[in-house]
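Contents: one structure, followed by commentary.
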Amino acid sequence: MEKKLSEMNYEEEGRVESIEQNLKNKVAGMGIRVGKNLKMITKHPLKGPIVIEVDGAHTSLALSVADRIVVEVKK
Amino acid sequence: MKKILLMGNPNVGKSVFFNRLTGANVIESNYPGTTVDYTKGYMKGNSEDFEIIDVPGTFSLEPKDKAEEVAVKMLEEKKDALVICVIDASKIERGLYLALEIIERGYPVVLALNMWDVAEDKNIQIDIEKLKSILNIPVVPTIAISGKGFKEVVLSIKKAASVGVKEIMEKVGEIK
């Protein structure tokens, strides 16, 4: 099932399907690109940032950034 | 005096690196964003002295915040500098992204795979010889907090030269 990265639940894993064009280079430096496997680690309240795991490393992203990344969630 | 810029992602140990190379004592901590402005120091080499600049951490050369702006500006102002790109061996992909961007701009780069011990603990195996042959730059595994690999880094400074990204991409193409 496809959903926005910002909508992923706690501990849910998924594969990056698409990234908004003008965001691609911005997140590439953090190791996030199409085809990468991600895992949701933490979602902070009050529209705070999310923390995801990529390649065994934790990275935090603003919710507004996570809104623009689409992932295919693993069942 | 030849200038050396220490660049890398946030929280990879650039400041520990800086302190080791220069004998200075800038503040180090184990969270990202400790170095927001730059620090300058000097190192005595075998035949010449170097000015070393500890640059704030950045993920890419397209700045997203103040610290990254400082980093990119420093790089652009020091056209004749050599860059020691410090990357976290356990998070190698994002480090290599930045390293390639720096190489692409024509700077001679020495790649330091820092936190080598952490990568080993995580069972991450990195083929250094292959990396060297693909990138055509000196690649040195280091552990900044213990000082492992520093001699080799200093010796590698002489060997660093700017390389073409085109050739690197061709070699990467061959792997696939």
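Ordering of the structure tokens sets the chain letters (A, B, ...); residue numbers start at 1 within each chain; ligands are numbered from 1 in the order shown.
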Exercise. Leaving out Gly147 of chain B and any residue of its chain fewer than 6 positions from it, which residues lie within 10 Å of it when counting only C-alpha atoms, given as a PyMOL selection string?
Worked result: chain B and resi 16-17+20-21
Those residues you just picked out, can you put them in a file as a compact mmCIF listing (two decimals), in the first residue's frame with all heavy atoms?
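Output file selection-v3.txt follows:
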# COMPACT_ATOMS: atom_id res chain seq x y z
N VAL B 16 37.04 16.25 16.35
CA VAL B 16 38.01 15.37 17.00
C VAL B 16 39.22 15.25 16.09
O VAL B 16 40.38 15.30 16.51
CB VAL B 16 37.41 13.97 17.27
CG1 VAL B 16 38.36 13.14 18.10
CG2 VAL B 16 36.08 14.08 17.98
N PHE B 17 38.93 15.14 14.82
CA PHE B 17 39.96 15.09 13.77
C PHE B 17 40.83 16.33 13.84
O PHE B 17 42.05 16.26 13.82
CB PHE B 17 39.25 15.07 12.41
CG PHE B 17 39.69 13.95 11.52
CD1 PHE B 17 39.12 12.71 11.65
CD2 PHE B 17 40.67 14.14 10.56
CE1 PHE B 17 39.51 11.66 10.84
CE2 PHE B 17 41.07 13.11 9.75
CZ PHE B 17 40.48 11.86 9.88
N ARG B 20 43.08 16.46 16.83
CA ARG B 20 44.19 15.52 16.68
C ARG B 20 45.27 16.09 15.75
O ARG B 20 46.46 15.94 16.01
CB ARG B 20 43.69 14.21 16.08
CG ARG B 20 43.03 13.34 17.07
CD ARG B 20 43.72 11.98 17.16
NE ARG B 20 43.17 11.28 18.30
CZ ARG B 20 43.87 10.80 19.31
NH1 ARG B 20 45.18 10.91 19.32
NH2 ARG B 20 43.28 10.21 20.32
N LEU B 21 44.82 16.68 14.67
CA LEU B 21 45.79 17.17 13.68
C LEU B 21 46.52 18.42 14.15
O LEU B 21 47.68 18.62 13.83
CB LEU B 21 45.08 17.47 12.34
CG LEU B 21 44.56 16.26 11.56
CD1 LEU B 21 43.76 16.72 10.36
CD2 LEU B 21 45.70 15.37 11.08
Interface, chain A side, toward chain B (10 Å; only C-alpha atoms) as a PDB file with C-alpha atoms, in the first residue's frame:
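Output file result.pdb follows:
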ATOM      1  CA  ASN A  25      18.726  16.490  -4.072  1.00  0.00           C
ATOM      2  CA  LYS A  26      17.939  17.816  -0.637  1.00  0.00           C
ATOM      3  CA  VAL A  27      17.310  14.401   0.890  1.00  0.00           C
ATOM      4  CA  ALA A  28      19.835  12.481  -1.239  1.00  0.00           C
ATOM      5  CA  GLY A  29      22.587  13.781   1.018  1.00  0.00           C
ATOM      6  CA  MET A  30      20.826  12.089   3.907  1.00  0.00           C
ATOM      7  CA  GLY A  31      20.799   8.750   2.116  1.00  0.00           C
ATOM      8  CA  ILE A  32      17.141   8.906   1.106  1.00  0.00           C
ATOM      9  CA  VAL A  54      17.928   4.295   6.652  1.00  0.00           C
ATOM     10  CA  ASP A  55      20.845   1.886   6.197  1.00  0.00           C
ATOM     11  CA  GLY A  56      20.990   1.252   9.913  1.00  0.00           C
ATOM     12  CA  ALA A  57      21.324   4.956  10.706  1.00  0.00           C
ATOM     13  CA  HIS A  58      18.736   7.272  12.201  1.00  0.00           C
TER      14      HIS A  58
END
Problem set entry | Pro49 of chain A environment, 12 Å, only C-alpha atoms, sequence neighbours closer than 6 positions dropped, as number ranges by chain | A: 5-6, 40-43, 59-67
Give me, as a CSV table (one decimal) with N, CA and C atoms, in the first residue's frame, all polymer residues having an atom no more than 7 Å from Val70 of chain A, counting only C-alpha atoms and skipping those fewer than 3 positions away in the same chain.
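Written output follows (out00.csv):
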chain,number,residue,atom,x,y,z
A,2,GLU,N,0.5,2.2,-0.8
A,2,GLU,CA,1.3,3.4,-0.9
A,2,GLU,C,0.7,4.5,0.1
A,3,LYS,N,1.6,5.1,0.8
A,3,LYS,CA,1.2,6.3,1.6
A,3,LYS,C,2.4,7.2,1.8
A,4,LYS,N,2.0,8.4,2.3
A,4,LYS,CA,3.1,9.4,2.5
A,4,LYS,C,4.0,8.9,3.7
A,5,LEU,N,5.2,9.3,3.6
A,5,LEU,CA,6.2,9.0,4.7
A,5,LEU,C,5.7,9.5,6.0
A,16,VAL,N,10.9,3.5,-0.6
A,16,VAL,CA,10.6,4.8,-1.2
A,16,VAL,C,10.2,4.6,-2.6
A,17,GLU,N,9.0,5.1,-2.9
A,17,GLU,CA,8.4,5.0,-4.3
A,17,GLU,C,8.7,6.3,-5.1
A,18,SER,N,8.4,7.4,-4.5
A,18,SER,CA,8.7,8.7,-5.2
A,18,SER,C,9.0,9.8,-4.2
A,19,ILE,N,9.8,10.8,-4.7
A,19,ILE,CA,10.1,11.9,-4.0
A,19,ILE,C,9.9,13.1,-4.9
Problem set entry | Counting only C-alpha atoms, the residue of B:Trp116, B:Phe18, B:Phe50, B:Tyr107 that sits nearest Ala89 of chain B | B:Trp116
Might you pull out every residue within 10 Å of Met1 of chain B, with only C-alpha atoms counted and same-chain residues fewer than 6 positions away left off, and present them as a short mmCIF file (atom, residue, chain, number, x, y, z; two decimals) with C-alpha atoms, in the first residue's frame?
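The result, written out as result.cif:
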data_model
loop_
_atom_site.label_atom_id
_atom_site.label_comp_id
_atom_site.auth_asym_id
_atom_site.auth_seq_id
_atom_site.Cartn_x
_atom_site.Cartn_y
_atom_site.Cartn_z
CA TYR B 42 47.90 24.88 12.14
CA GLU B 48 55.59 22.07 4.96
CA ASP B 49 53.06 23.53 7.34
CA PHE B 50 49.34 23.51 6.78
CA GLU B 51 46.46 25.67 7.84
CA ALA B 81 42.41 24.23 -0.67
#
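All residues of protein, DNA or RNA that reach within 10 Å of Glu12 of chain A, judged by only C-alpha atoms and not counting those fewer than 3 positions away in the chain, are Met8, Asn9, Leu38, Lys39, Met40, Ile41, Ile52, Val73, Lys74 and Lys75 of chain A.
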Store the residues picked out above in a file with N, CA, C and O atoms, as a PDB file, in the first residue's frame.
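Saved as out.pdb:
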ATOM      1  N   MET A   8       3.228   7.174   7.850  1.00  0.00           N
ATOM      2  CA  MET A   8       3.664   5.848   8.290  1.00  0.00           C
ATOM      3  C   MET A   8       3.503   5.717   9.802  1.00  0.00           C
ATOM      4  O   MET A   8       3.678   6.679  10.543  1.00  0.00           O
ATOM      5  N   ASN A   9       3.183   4.491  10.217  1.00  0.00           N
ATOM      6  CA  ASN A   9       3.038   4.263  11.654  1.00  0.00           C
ATOM      7  C   ASN A   9       4.361   3.828  12.261  1.00  0.00           C
ATOM      8  O   ASN A   9       5.281   3.404  11.568  1.00  0.00           O
ATOM      9  N   LEU A  38      13.021   2.095   4.346  1.00  0.00           N
ATOM     10  CA  LEU A  38      12.962   2.962   5.525  1.00  0.00           C
ATOM     11  C   LEU A  38      12.153   2.295   6.633  1.00  0.00           C
ATOM     12  O   LEU A  38      11.305   1.459   6.361  1.00  0.00           O
ATOM     13  N   LYS A  39      12.433   2.700   7.848  1.00  0.00           N
ATOM     14  CA  LYS A  39      11.620   2.230   8.970  1.00  0.00           C
ATOM     15  C   LYS A  39      11.298   3.437   9.842  1.00  0.00           C
ATOM     16  O   LYS A  39      12.179   4.246  10.133  1.00  0.00           O
ATOM     17  N   MET A  40      10.038   3.555  10.223  1.00  0.00           N
ATOM     18  CA  MET A  40       9.637   4.665  11.089  1.00  0.00           C
ATOM     19  C   MET A  40      10.065   4.371  12.519  1.00  0.00           C
ATOM     20  O   MET A  40       9.729   3.328  13.073  1.00  0.00           O
ATOM     21  N   ILE A  41      10.812   5.265  13.100  1.00  0.00           N
ATOM     22  CA  ILE A  41      11.287   5.056  14.471  1.00  0.00           C
ATOM     23  C   ILE A  41      10.474   5.881  15.472  1.00  0.00           C
ATOM     24  O   ILE A  41       9.953   5.356  16.439  1.00  0.00           O
ATOM     25  N   ILE A  52      13.500   8.430  11.126  1.00  0.00           N
ATOM     26  CA  ILE A  52      13.427   7.180  10.376  1.00  0.00           C
ATOM     27  C   ILE A  52      14.793   6.507  10.348  1.00  0.00           C
ATOM     28  O   ILE A  52      15.808   7.147  10.582  1.00  0.00           O
ATOM     29  N   VAL A  73       4.384   0.686   1.603  1.00  0.00           N
ATOM     30  CA  VAL A  73       4.531   0.069   2.922  1.00  0.00           C
ATOM     31  C   VAL A  73       4.471  -1.446   2.827  1.00  0.00           C
ATOM     32  O   VAL A  73       3.660  -2.010   2.094  1.00  0.00           O
ATOM     33  N   LYS A  74       5.366  -2.104   3.548  1.00  0.00           N
ATOM     34  CA  LYS A  74       5.388  -3.577   3.562  1.00  0.00           C
ATOM     35  C   LYS A  74       4.316  -4.103   4.508  1.00  0.00           C
ATOM     36  O   LYS A  74       4.124  -3.556   5.590  1.00  0.00           O
ATOM     37  N   LYS A  75       3.658  -5.177   4.070  1.00  0.00           N
ATOM     38  CA  LYS A  75       2.611  -5.745   4.944  1.00  0.00           C
ATOM     39  C   LYS A  75       3.239  -6.588   6.040  1.00  0.00           C
ATOM     40  O   LYS A  75       4.267  -7.176   5.876  1.00  0.00           O
TER      41      LYS A  75
END
Exercise. If you run DSSP on this backbone, which residues of chain A come out as helix (DSSP H, G or I), and could you give them as a PyMOL selection string?
Worked result: chain A and resi 5-7+21-28+63-66
Next, the residues of the selection above should be written as a compact mmCIF listing (two decimals), in the first residue's frame with C-alpha atoms.
# COMPACT_ATOMS: atom_id res chain seq x y z
CA LEU A 5 6.17 8.96 4.66
CA SER A 6 4.55 11.30 7.17
CA GLU A 7 1.60 8.90 7.47
CA GLN A 21 11.32 16.55 -7.76
CA ASN A 22 12.67 19.67 -6.06
CA LEU A 23 13.25 17.72 -2.85
CA LYS A 24 15.29 14.92 -4.39
CA ASN A 25 18.73 16.49 -4.07
CA LYS A 26 17.94 17.82 -0.64
CA VAL A 27 17.31 14.40 0.89
CA ALA A 28 19.84 12.48 -1.24
CA LEU A 63 7.05 16.62 8.85
CA SER A 64 6.63 18.98 5.89
CA VAL A 65 9.49 17.20 4.15
CA ALA A 66 8.10 13.75 4.99
Problem set entry | Picked from chain B by DSSP as strand (DSSP E or B), as a PyMOL selection string | chain B and resi 2-8+39-44+49-54+82-88+109-114+139-141+143+148
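Using only C-alpha atoms, the contacts of Asp127 of chain B at a cut-off of 12 Å, with sequence neighbours closer than 6 positions omitted, comprise Ala89, Ile92, Leu113, Ser133, Ile134, Val139, Val140 and Pro141 of chain B.
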Any chance you could export the current selection's N, CA and C atoms as a tab-separated table (two decimals), in the first residue's frame?
chain	number	residue	atom	x	y	z
B	89	ALA	N	32.00	5.78	8.59
B	89	ALA	CA	32.08	4.51	7.86
B	89	ALA	C	30.82	3.66	8.02
B	92	ILE	N	28.00	5.13	5.24
B	92	ILE	CA	28.89	5.50	4.15
B	92	ILE	C	28.19	6.16	2.96
B	113	LEU	N	37.62	7.43	6.27
B	113	LEU	CA	36.47	6.64	6.72
B	113	LEU	C	36.56	6.53	8.23
B	133	SER	N	40.25	2.48	-6.03
B	133	SER	CA	40.40	2.35	-7.48
B	133	SER	C	39.25	3.04	-8.21
B	134	ILE	N	38.06	3.07	-7.58
B	134	ILE	CA	36.93	3.75	-8.24
B	134	ILE	C	37.10	5.27	-8.17
B	139	VAL	N	42.12	6.81	0.27
B	139	VAL	CA	41.04	6.45	1.19
B	139	VAL	C	41.68	5.82	2.42
B	140	VAL	N	41.40	6.38	3.59
B	140	VAL	CA	42.05	5.89	4.81
B	140	VAL	C	41.02	5.59	5.90
B	141	PRO	N	41.03	4.36	6.43
B	141	PRO	CA	40.16	4.09	7.58
B	141	PRO	C	40.74	4.74	8.83
For this session: Kindly indicate which residue among B:Lys40, B:Leu82, B:Val165, B:Ser146 lies nearest to Asn25 of chain B, using only C-alpha atoms for the distances.
Result: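 That would be B:Lys40, the residue with the smallest distance to Asn25 of chain B.
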Exercise. In Å, how far is it from atom CA of Leu46 of chain A to atom CA of Tyr10 of chain A?
Worked result: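 Interatomic distance, atom CA of Leu46 of chain A to atom CA of Tyr10 of chain A: 15.8 Å.
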